[in-house]
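This is model-v5.txt (compact mmCIF, C-alpha atoms).
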# COMPACT_ATOMS: atom_id res chain seq x y z
CA MET A 1 12.18 15.43 -33.35
CA SER A 2 13.39 14.55 -29.85
CA GLN A 3 17.00 13.55 -29.43
CA GLU A 4 16.74 12.23 -25.90
CA ARG A 5 13.02 11.51 -25.63
CA ARG A 6 10.38 10.45 -28.11
CA TYR A 7 6.70 11.19 -28.22
CA SER A 8 4.16 9.26 -30.25
CA PHE A 9 0.44 8.77 -30.84
CA GLU A 10 -1.53 5.59 -31.46
CA PHE A 11 -4.63 5.10 -33.64
CA PHE A 12 -6.92 2.22 -34.51
CA PRO A 13 -8.20 1.62 -38.08
CA THR A 14 -11.84 2.58 -38.54
CA LYS A 15 -14.68 0.59 -40.08
CA THR A 16 -16.34 3.41 -42.04
CA GLU A 17 -15.21 6.00 -44.57
CA ALA A 18 -16.51 8.79 -42.34
CA GLY A 19 -14.53 7.41 -39.41
CA HIS A 20 -11.43 7.20 -41.57
CA GLU A 21 -11.76 10.85 -42.66
CA LYS A 22 -12.10 11.85 -39.01
CA LEU A 23 -8.99 9.82 -38.15
CA LEU A 24 -6.99 11.60 -40.87
CA ASN A 25 -8.14 15.01 -39.59
CA VAL A 26 -7.10 14.07 -36.04
CA ALA A 27 -3.76 12.78 -37.35
CA ARG A 28 -3.10 16.05 -39.20
CA GLN A 29 -3.83 18.00 -36.03
CA LEU A 30 -1.45 15.81 -34.02
CA ALA A 31 1.17 15.98 -36.80
CA SER A 32 1.46 19.74 -36.21
CA TYR A 33 3.05 18.88 -32.84
CA ASN A 34 5.89 17.04 -34.62
CA PRO A 35 5.65 13.66 -32.89
CA ASP A 36 8.38 11.13 -33.53
CA PHE A 37 5.92 8.63 -34.97
CA PHE A 38 2.35 7.35 -35.13
CA SER A 39 1.34 3.73 -34.60
CA CYS A 40 -1.72 1.86 -35.82
CA THR A 41 -3.27 -1.20 -34.18
CA TYR A 42 -4.01 -4.59 -35.71
CA GLY A 43 -7.28 -6.33 -34.84
CA ALA A 44 -7.61 -9.67 -33.08
CA GLY A 45 -6.36 -12.49 -35.28
CA GLY A 46 -5.40 -10.01 -38.01
CA SER A 47 -9.04 -8.98 -38.47
CA THR A 48 -8.11 -5.43 -39.54
CA ARG A 49 -5.15 -6.44 -41.70
CA ASP A 50 -6.12 -4.49 -44.85
CA ARG A 51 -7.47 -1.51 -42.93
CA THR A 52 -4.33 -1.34 -40.81
CA LEU A 53 -2.14 -1.54 -43.93
CA ASN A 54 -4.09 1.20 -45.74
CA THR A 55 -4.17 3.47 -42.69
CA VAL A 56 -0.44 3.07 -42.06
CA LEU A 57 0.47 3.84 -45.68
CA GLN A 58 -1.80 6.90 -45.73
CA LEU A 59 -0.56 8.32 -42.42
CA ASP A 60 3.05 7.78 -43.46
CA GLY A 61 2.69 8.90 -47.07
CA GLU A 62 0.08 11.71 -46.89
CA VAL A 63 0.14 13.02 -43.32
CA LYS A 64 3.95 12.74 -43.46
CA VAL A 65 4.54 11.31 -39.99
CA PRO A 66 6.57 8.06 -39.78
CA THR A 67 4.03 5.38 -38.93
CA ALA A 68 4.55 2.03 -37.25
CA PRO A 69 2.08 -0.77 -37.95
CA HIS A 70 1.23 -3.22 -35.23
CA LEU A 71 1.96 -6.75 -36.42
CA SER A 72 0.78 -9.84 -34.59
CA CYS A 73 1.51 -13.49 -35.22
CA VAL A 74 -1.81 -14.94 -34.04
CA GLY A 75 -3.76 -16.20 -37.03
CA ASP A 76 -1.14 -15.36 -39.69
CA SER A 77 1.16 -17.82 -41.43
CA LYS A 78 4.83 -17.06 -42.03
CA ALA A 79 4.02 -16.49 -45.71
CA GLU A 80 1.37 -13.90 -44.81
CA LEU A 81 3.70 -12.18 -42.38
CA ARG A 82 6.49 -12.22 -44.96
CA GLU A 83 4.15 -10.59 -47.51
CA LEU A 84 3.20 -7.83 -45.07
CA LEU A 85 6.82 -7.19 -44.12
CA THR A 86 7.73 -6.87 -47.79
CA LEU A 87 4.86 -4.43 -48.40
CA TYR A 88 5.90 -2.27 -45.48
CA LYS A 89 9.58 -2.39 -46.36
CA ASP A 90 8.90 -1.46 -50.00
CA ALA A 91 6.73 1.44 -48.81
CA GLY A 92 9.58 2.80 -46.70
CA ILE A 93 8.08 1.94 -43.32
CA LYS A 94 10.93 1.75 -40.80
CA ARG A 95 9.27 0.84 -37.48
CA ILE A 96 7.04 -2.09 -36.41
CA VAL A 97 5.26 -2.88 -33.16
CA ALA A 98 5.62 -6.66 -32.83
CA LEU A 99 2.98 -8.40 -30.70
CA ARG A 100 1.62 -11.86 -30.07
CA GLY A 101 -1.80 -10.35 -30.62
CA ASP A 102 -5.23 -11.06 -29.23
CA LEU A 103 -7.11 -14.24 -29.99
CA PRO A 104 -10.36 -13.72 -31.91
CA SER A 105 -13.46 -14.36 -29.83
CA GLY A 106 -14.12 -18.09 -29.55
CA MET A 107 -10.58 -19.13 -30.50
CA GLY A 108 -9.26 -21.16 -27.60
CA MET A 109 -5.65 -21.46 -28.72
CA ALA A 110 -3.31 -19.45 -30.88
CA SER A 111 -3.31 -20.33 -34.56
CA GLY A 112 -0.54 -19.54 -37.01
CA GLU A 113 3.01 -20.83 -37.25
CA LEU A 114 4.38 -18.41 -34.64
CA ARG A 115 2.82 -18.49 -31.20
CA TYR A 116 4.70 -15.89 -29.17
CA ALA A 117 5.96 -12.35 -29.64
CA ASN A 118 9.62 -13.33 -29.19
CA GLU A 119 9.23 -15.70 -32.16
CA LEU A 120 7.76 -12.86 -34.21
CA VAL A 121 10.63 -10.51 -33.30
CA GLU A 122 13.11 -13.20 -34.31
CA PHE A 123 11.23 -13.83 -37.56
CA ILE A 124 11.23 -10.11 -38.48
CA ARG A 125 14.96 -9.89 -37.79
CA ASN A 126 15.72 -13.01 -39.85
CA GLU A 127 13.59 -11.79 -42.76
CA THR A 128 14.54 -8.12 -42.86
CA GLY A 129 17.80 -7.71 -40.94
CA ASP A 130 18.08 -4.30 -39.31
CA HIS A 131 15.63 -2.54 -41.62
CA PHE A 132 12.93 -2.18 -38.96
CA HIS A 133 13.11 -0.57 -35.55
CA ILE A 134 11.13 -3.17 -33.55
CA GLU A 135 8.93 -2.13 -30.64
CA ILE A 136 7.60 -4.71 -28.19
CA ALA A 137 4.92 -4.49 -25.51
CA ALA A 138 5.63 -4.20 -21.80
CA TYR A 139 3.17 -4.80 -18.96
CA PRO A 140 4.20 -2.98 -15.75
CA GLU A 141 1.19 -4.48 -13.95
CA MET A 142 1.52 -7.92 -15.60
CA HIS A 143 -0.13 -9.25 -18.75
CA PRO A 144 -3.67 -10.37 -17.85
CA GLN A 145 -2.98 -13.87 -19.19
CA ALA A 146 0.40 -14.33 -17.52
CA ARG A 147 0.73 -17.09 -14.90
CA ASN A 148 2.49 -14.74 -12.51
CA PHE A 149 4.66 -11.64 -12.47
CA GLU A 150 7.92 -13.60 -12.60
CA SER A 151 6.96 -15.46 -15.76
CA ASP A 152 5.73 -12.21 -17.34
CA ILE A 153 9.08 -10.53 -16.63
CA ALA A 154 10.83 -13.55 -18.17
CA ASN A 155 8.61 -13.28 -21.27
CA PHE A 156 9.52 -9.62 -21.67
CA VAL A 157 13.25 -10.34 -21.36
CA ARG A 158 12.90 -13.10 -23.96
CA LYS A 159 11.21 -10.69 -26.41
CA ALA A 160 13.78 -7.99 -25.79
CA LYS A 161 16.73 -10.31 -26.35
CA ALA A 162 15.18 -11.72 -29.54
CA GLY A 163 16.11 -8.46 -31.27
CA ALA A 164 13.83 -5.63 -30.09
CA ASN A 165 15.00 -2.01 -30.10
CA SER A 166 12.56 -0.52 -27.60
CA ALA A 167 9.27 -1.11 -25.82
CA ILE A 168 5.93 0.59 -25.23
CA THR A 169 3.97 -0.22 -22.09
CA GLN A 170 0.34 -1.01 -21.56
CA TYR A 171 -1.25 2.03 -19.96
CA PHE A 172 -1.24 2.34 -16.18
CA PHE A 173 -2.14 4.92 -13.54
CA ASN A 174 0.56 4.19 -10.98
CA ALA A 175 4.01 5.50 -11.84
CA ASP A 176 5.62 3.22 -9.24
CA SER A 177 4.57 0.15 -11.23
CA TYR A 178 6.47 1.50 -14.24
CA PHE A 179 9.63 2.29 -12.28
CA HIS A 180 9.53 -1.11 -10.57
CA PHE A 181 9.17 -2.91 -13.92
CA VAL A 182 12.07 -1.00 -15.50
CA GLU A 183 14.30 -1.70 -12.50
CA ARG A 184 13.46 -5.41 -12.60
CA VAL A 185 14.28 -5.91 -16.28
CA GLN A 186 17.44 -3.81 -16.09
CA LYS A 187 18.72 -6.14 -13.38
CA LEU A 188 18.16 -8.98 -15.86
CA GLY A 189 20.34 -7.31 -18.47
CA VAL A 190 17.70 -5.50 -20.55
CA ASP A 191 18.45 -1.80 -20.98
CA LEU A 192 16.39 -0.90 -24.04
CA PRO A 193 14.19 2.23 -23.79
CA ILE A 194 10.78 1.43 -22.25
CA VAL A 195 8.31 4.20 -23.09
CA PRO A 196 5.19 4.57 -20.90
CA GLY A 197 1.87 4.17 -22.68
CA ILE A 198 -0.51 6.95 -21.63
CA MET A 199 -4.32 6.70 -21.64
CA PRO A 200 -6.14 10.02 -21.21
CA ILE A 201 -9.23 9.80 -18.98
CA THR A 202 -12.34 11.05 -20.76
CA ASN A 203 -15.11 8.53 -20.03
CA TYR A 204 -15.21 6.56 -16.79
CA SER A 205 -17.43 3.64 -17.87
CA LYS A 206 -15.35 2.96 -21.01
CA LEU A 207 -12.12 3.31 -19.06
CA ALA A 208 -13.30 0.85 -16.39
CA ARG A 209 -14.28 -1.66 -19.08
CA PHE A 210 -10.95 -1.33 -20.94
CA SER A 211 -8.97 -1.54 -17.73
CA ASP A 212 -10.73 -4.64 -16.46
CA ALA A 213 -10.07 -6.36 -19.79
CA CYS A 214 -6.38 -5.50 -20.06
CA GLY A 215 -5.42 -5.69 -16.40
CA ALA A 216 -4.68 -2.00 -15.87
CA GLU A 217 -5.35 -1.08 -12.24
CA ILE A 218 -7.33 2.11 -11.62
CA PRO A 219 -6.27 3.30 -8.14
CA ARG A 220 -9.16 3.26 -5.69
CA TRP A 221 -8.99 7.00 -5.02
CA VAL A 222 -9.17 7.74 -8.76
CA ARG A 223 -12.02 5.27 -9.30
CA LYS A 224 -14.02 6.68 -6.38
CA GLN A 225 -13.57 10.27 -7.52
CA LEU A 226 -14.62 9.39 -11.08
CA GLU A 227 -17.65 7.53 -9.76
CA ALA A 228 -18.59 10.56 -7.66
CA TYR A 229 -18.76 12.75 -10.77
CA GLY A 230 -21.49 10.53 -12.26
CA ASP A 231 -22.47 11.92 -15.68
CA ASP A 232 -20.58 15.20 -15.24
CA VAL A 233 -18.35 14.79 -18.29
CA GLU A 234 -16.61 18.13 -17.85
CA SER A 235 -15.51 17.32 -14.29
CA ILE A 236 -14.41 13.80 -15.29
CA GLN A 237 -12.23 15.20 -18.07
CA ALA A 238 -10.75 18.01 -15.94
CA PHE A 239 -9.90 15.59 -13.11
CA GLY A 240 -8.56 13.00 -15.56
CA GLN A 241 -6.37 15.57 -17.26
CA GLN A 242 -4.90 16.62 -13.91
CA VAL A 243 -4.24 13.03 -12.75
CA ILE A 244 -2.58 11.97 -16.00
CA SER A 245 -0.55 15.18 -16.40
CA GLU A 246 0.84 14.84 -12.87
CA MET A 247 1.70 11.18 -13.48
CA CYS A 248 3.45 12.01 -16.78
CA GLU A 249 5.43 14.76 -15.07
CA ARG A 250 6.63 12.26 -12.48
CA LEU A 251 7.49 9.69 -15.17
CA LEU A 252 9.57 12.17 -17.16
CA GLU A 253 11.30 13.51 -14.04
CA GLY A 254 12.08 9.90 -13.12
CA GLY A 255 13.82 9.27 -16.44
CA ALA A 256 11.14 7.83 -18.73
CA PRO A 257 12.43 8.05 -22.32
CA GLY A 258 9.25 9.63 -23.69
CA LEU A 259 5.47 9.10 -23.81
CA HIS A 260 3.20 7.12 -26.13
CA PHE A 261 -0.40 8.40 -26.16
CA TYR A 262 -3.33 6.06 -26.74
CA THR A 263 -5.51 8.60 -28.55
CA LEU A 264 -8.63 6.47 -29.23
CA ASN A 265 -8.65 8.49 -32.47
CA GLN A 266 -9.17 11.80 -30.64
CA ALA A 267 -6.77 14.75 -30.55
CA ALA A 268 -7.92 16.99 -27.70
CA PRO A 269 -7.37 14.71 -24.65
CA SER A 270 -3.76 13.86 -25.57
CA LEU A 271 -2.92 17.42 -26.60
CA ALA A 272 -4.28 18.81 -23.33
CA ILE A 273 -1.73 16.65 -21.48
CA TRP A 274 1.01 17.54 -23.99
CA ASN A 275 0.37 21.26 -23.44
CA ASN A 276 0.18 20.88 -19.65
CA LEU A 277 3.62 19.27 -19.72
CA LYS A 278 4.96 21.92 -22.11
CA LEU A 279 6.45 19.21 -24.31
CA PRO A 280 8.54 20.29 -27.31
CA ARG A 281 6.91 20.70 -30.71
Do you think you could lay out the structure here as structure tokens?
Amino acid sequence: MSQERRYSFEFFPTKTEAGHEKLLNVARQLASYNPDFFSCTYGAGGSTRDRTLNTVLQLDGEVKVPTAPHLSCVGDSKAELRELLTLYKDAGIKRIVALRGDLPSGMGMASGELRYANELVEFIRNETGDHFHIEIAAYPEMHPQARNFESDIANFVRKAKAGANSAITQYFFNADSYFHFVERVQKLGVDLPIVPGIMPITNYSKLARFSDACGAEIPRWVRKQLEAYGDDVESIQAFGQQVISEMCERLLEGGAPGLHFYTLNQAAPSLAIWNNLKLPR
């Protein structure tokens, strides 16, 4: 769709048939906006491997939107990764989001033959050449497990130079953190497109829990206003929509190469922001 910018939506595979049908309905609704692609997450330690595979193939084949599976190296052997890559390649999948992945609960150290995302990017390139457009993750506010910001920047540069085409960020609520991150990595010779990941605000307690876990900082003024609304869902959503829309407007005006929406398998919150921004469709 977009020549200069790209817009995409992310889903997670569901555990039930009813949830899966709902996901497909949401995907069809979002497909009518002509996004550049969908992506689908991969559970800790590959725990949703089959569900991710099936969801990706269905979104790509039936909903007719190019779909990028997340692929992580934690818990999977090279043979298992090779098998998945072959399945995706044979199915005509052209884009992959390559991640280290989360450790399953109780697993103290990474298992599998590849331990870091840069090794996975290199492995995908060695196995499949230029078939896949490879996305990597970026953390404008630092990965929660990184030793410090400098080492996290170095990790990102390593992933990028291993053969990535572009990056998608963890969500954030401070545009300055994004611009600072992009400027830092460009000075280190990385000029691939870094697309901001966008999390609509719909539920304060869930957002606070997610954000604490992944290291995304909720600005104090936003947190305090959300707290003040208490259980007033309508006010939380209206305020959240305004905050995120204004941030996205600033990101795009500042040169961000698109937006990647974390939908949480819902259409309305992301589309409200899309329509506020008057994005192309």
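With distances taken over all atoms listed in the file, A:Val97 is the one residue among A:Ala208, A:Leu114, A:Val97, A:Ala238 lying closest to Thr169 (chain A).
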Inset, instruction - Between A:Ser39, A:Phe179, A:Leu57, A:Gly129, single out the one closest to Leu252 (chain A), counting all atoms listed in the file. - result: A:Phe179
First collect every listed atom of region 195-209 of chain A; then fit an axis-aligned box around them, widen it by 3 Å on each side, and give centre and edge lengths in Å to one decimal, as lines of an AutoDock Vina configuration file.
center_x = -4.6
center_y = 4.7
center_z = -19.7
size_x = 31.7
size_y = 18.7
size_z = 12.7
Inset, instruction - Just the residues within 12 Å of region 268-281 of chain A, please, counting all atoms listed in the file, with nothing from its chain fewer than 6 positions along; format it as a VMD selection string. - result: chain A and resid 1 to 11 26 to 27 29 to 36 197 to 203 234 236 to 253 258 to 262
Legend entry - All residues 12 Å or closer to Arg184 (chain A), only C-alpha atoms, same chain fewer than 3 positions away omitted, as a list in words: Pro140, Phe149, Glu150, Asp152, Ile153, Ala154, Phe156, Val157, Ser177, Tyr178, Phe179, His180, Phe181, Lys187, Leu188, Gly189, Val190 and Asp191 of chain A
Inset, instruction - Grab the CA of Ile93 (chain A) to CA of Glu113 (chain A) distance for me, in Å with one decimal place. - result: 24.1 Å
Restricted to N, CA, C and O atoms, what does region 75-105 of chain A look like when written out as an mmCIF file, in the first residue's frame?
data_model
loop_
_atom_site.group_PDB
_atom_site.id
_atom_site.type_symbol
_atom_site.label_atom_id
_atom_site.label_comp_id
_atom_site.auth_asym_id
_atom_site.auth_seq_id
_atom_site.Cartn_x
_atom_site.Cartn_y
_atom_site.Cartn_z
ATOM 1 N N GLY A 75 14.491 -22.088 23.005
ATOM 2 C CA GLY A 75 13.753 -23.345 23.105
ATOM 3 C C GLY A 75 13.677 -24.160 21.830
ATOM 4 O O GLY A 75 13.232 -25.303 21.854
ATOM 5 N N ASP A 76 14.073 -23.605 20.688
ATOM 6 C CA ASP A 76 14.003 -24.337 19.420
ATOM 7 C C ASP A 76 15.399 -24.687 18.925
ATOM 8 O O ASP A 76 16.325 -23.870 19.002
ATOM 9 N N SER A 77 15.540 -25.895 18.409
ATOM 10 C CA SER A 77 16.813 -26.305 17.807
ATOM 11 C C SER A 77 16.917 -25.728 16.396
ATOM 12 O O SER A 77 15.926 -25.261 15.824
ATOM 13 N N LYS A 78 18.100 -25.797 15.815
ATOM 14 C CA LYS A 78 18.272 -25.347 14.437
ATOM 15 C C LYS A 78 17.398 -26.162 13.483
ATOM 16 O O LYS A 78 16.844 -25.611 12.521
ATOM 17 N N ALA A 79 17.257 -27.452 13.768
ATOM 18 C CA ALA A 79 16.434 -28.308 12.907
ATOM 19 C C ALA A 79 14.974 -27.866 12.948
ATOM 20 O O ALA A 79 14.293 -27.819 11.912
ATOM 21 N N GLU A 80 14.488 -27.532 14.149
ATOM 22 C CA GLU A 80 13.101 -27.067 14.276
ATOM 23 C C GLU A 80 12.901 -25.731 13.587
ATOM 24 O O GLU A 80 11.889 -25.502 12.915
ATOM 25 N N LEU A 81 13.869 -24.840 13.749
ATOM 26 C CA LEU A 81 13.782 -23.539 13.084
ATOM 27 C C LEU A 81 13.834 -23.703 11.570
ATOM 28 O O LEU A 81 13.092 -23.053 10.834
ATOM 29 N N ARG A 82 14.695 -24.600 11.114
ATOM 30 C CA ARG A 82 14.831 -24.856 9.677
ATOM 31 C C ARG A 82 13.508 -25.379 9.105
ATOM 32 O O ARG A 82 13.071 -24.969 8.020
ATOM 33 N N GLU A 83 12.849 -26.263 9.860
ATOM 34 C CA GLU A 83 11.555 -26.820 9.433
ATOM 35 C C GLU A 83 10.500 -25.721 9.312
ATOM 36 O O GLU A 83 9.741 -25.661 8.341
ATOM 37 N N LEU A 84 10.456 -24.837 10.305
ATOM 38 C CA LEU A 84 9.491 -23.731 10.263
ATOM 39 C C LEU A 84 9.769 -22.800 9.095
ATOM 40 O O LEU A 84 8.848 -22.372 8.391
ATOM 41 N N LEU A 85 11.028 -22.463 8.897
ATOM 42 C CA LEU A 85 11.389 -21.580 7.785
ATOM 43 C C LEU A 85 10.973 -22.181 6.445
ATOM 44 O O LEU A 85 10.467 -21.476 5.565
ATOM 45 N N THR A 86 11.165 -23.480 6.309
ATOM 46 C CA THR A 86 10.777 -24.160 5.070
ATOM 47 C C THR A 86 9.272 -24.113 4.871
ATOM 48 O O THR A 86 8.775 -23.842 3.773
ATOM 49 N N LEU A 87 8.515 -24.354 5.964
ATOM 50 C CA LEU A 87 7.053 -24.295 5.889
ATOM 51 C C LEU A 87 6.586 -22.904 5.454
ATOM 52 O O LEU A 87 5.729 -22.775 4.583
ATOM 53 N N TYR A 88 7.157 -21.890 6.070
ATOM 54 C CA TYR A 88 6.749 -20.525 5.737
ATOM 55 C C TYR A 88 7.155 -20.152 4.313
ATOM 56 O O TYR A 88 6.383 -19.537 3.571
ATOM 57 N N LYS A 89 8.341 -20.544 3.935
ATOM 58 C CA LYS A 89 8.813 -20.228 2.576
ATOM 59 C C LYS A 89 7.941 -20.899 1.530
ATOM 60 O O LYS A 89 7.525 -20.271 0.548
ATOM 61 N N ASP A 90 7.628 -22.190 1.752
ATOM 62 C CA ASP A 90 6.790 -22.939 0.805
ATOM 63 C C ASP A 90 5.380 -22.369 0.722
ATOM 64 O O ASP A 90 4.704 -22.492 -0.301
ATOM 65 N N ALA A 91 4.925 -21.749 1.830
ATOM 66 C CA ALA A 91 3.581 -21.166 1.854
ATOM 67 C C ALA A 91 3.549 -19.764 1.260
ATOM 68 O O ALA A 91 2.477 -19.143 1.167
ATOM 69 N N GLY A 92 4.709 -19.254 0.866
ATOM 70 C CA GLY A 92 4.762 -17.934 0.245
ATOM 71 C C GLY A 92 4.873 -16.777 1.221
ATOM 72 O O GLY A 92 4.704 -15.617 0.840
ATOM 73 N N ILE A 93 5.163 -17.094 2.489
ATOM 74 C CA ILE A 93 5.374 -16.034 3.481
ATOM 75 C C ILE A 93 6.685 -15.324 3.153
ATOM 76 O O ILE A 93 7.704 -15.970 2.906
ATOM 77 N N LYS A 94 6.666 -13.995 3.184
ATOM 78 C CA LYS A 94 7.839 -13.232 2.730
ATOM 79 C C LYS A 94 8.487 -12.385 3.832
ATOM 80 O O LYS A 94 9.523 -11.767 3.603
ATOM 81 N N ARG A 95 7.860 -12.325 5.015
ATOM 82 C CA ARG A 95 8.380 -11.455 6.071
ATOM 83 C C ARG A 95 8.391 -12.226 7.385
ATOM 84 O O ARG A 95 7.457 -12.983 7.678
ATOM 85 N N ILE A 96 9.441 -12.032 8.199
ATOM 86 C CA ILE A 96 9.553 -12.686 9.505
ATOM 87 C C ILE A 96 10.019 -11.660 10.534
ATOM 88 O O ILE A 96 10.857 -10.806 10.243
ATOM 89 N N VAL A 97 9.439 -11.755 11.727
ATOM 90 C CA VAL A 97 9.904 -10.943 12.854
ATOM 91 C C VAL A 97 10.802 -11.832 13.698
ATOM 92 O O VAL A 97 10.344 -12.804 14.310
ATOM 93 N N ALA A 98 12.103 -11.563 13.684
ATOM 94 C CA ALA A 98 13.094 -12.437 14.324
ATOM 95 C C ALA A 98 13.445 -11.911 15.713
ATOM 96 O O ALA A 98 13.923 -10.784 15.858
ATOM 97 N N LEU A 99 13.203 -12.741 16.724
ATOM 98 C CA LEU A 99 13.378 -12.335 18.122
ATOM 99 C C LEU A 99 14.171 -13.381 18.904
ATOM 100 O O LEU A 99 14.136 -14.562 18.560
ATOM 101 N N ARG A 100 14.825 -12.940 19.971
ATOM 102 C CA ARG A 100 15.371 -13.933 20.898
ATOM 103 C C ARG A 100 14.236 -14.723 21.520
ATOM 104 O O ARG A 100 14.286 -15.935 21.655
ATOM 105 N N GLY A 101 13.202 -13.998 21.931
ATOM 106 C CA GLY A 101 12.040 -14.636 22.541
ATOM 107 C C GLY A 101 12.122 -14.641 24.055
ATOM 108 O O GLY A 101 13.196 -14.487 24.643
ATOM 109 N N ASP A 102 10.965 -14.806 24.670
ATOM 110 C CA ASP A 102 10.888 -14.851 26.129
ATOM 111 C C ASP A 102 11.161 -16.247 26.637
ATOM 112 O O ASP A 102 10.801 -17.245 25.999
ATOM 113 N N LEU A 103 11.782 -16.313 27.805
ATOM 114 C CA LEU A 103 12.006 -17.603 28.449
ATOM 115 C C LEU A 103 10.722 -18.071 29.101
ATOM 116 O O LEU A 103 10.035 -17.288 29.755
ATOM 117 N N PRO A 104 10.364 -19.357 28.956
ATOM 118 C CA PRO A 104 9.201 -19.863 29.670
ATOM 119 C C PRO A 104 9.396 -19.706 31.171
ATOM 120 O O PRO A 104 10.517 -19.721 31.674
ATOM 121 N N SER A 105 8.302 -19.565 31.890
ATOM 122 C CA SER A 105 8.362 -19.394 33.339
ATOM 123 C C SER A 105 9.148 -20.532 33.981
ATOM 124 O O SER A 105 8.909 -21.704 33.687
#
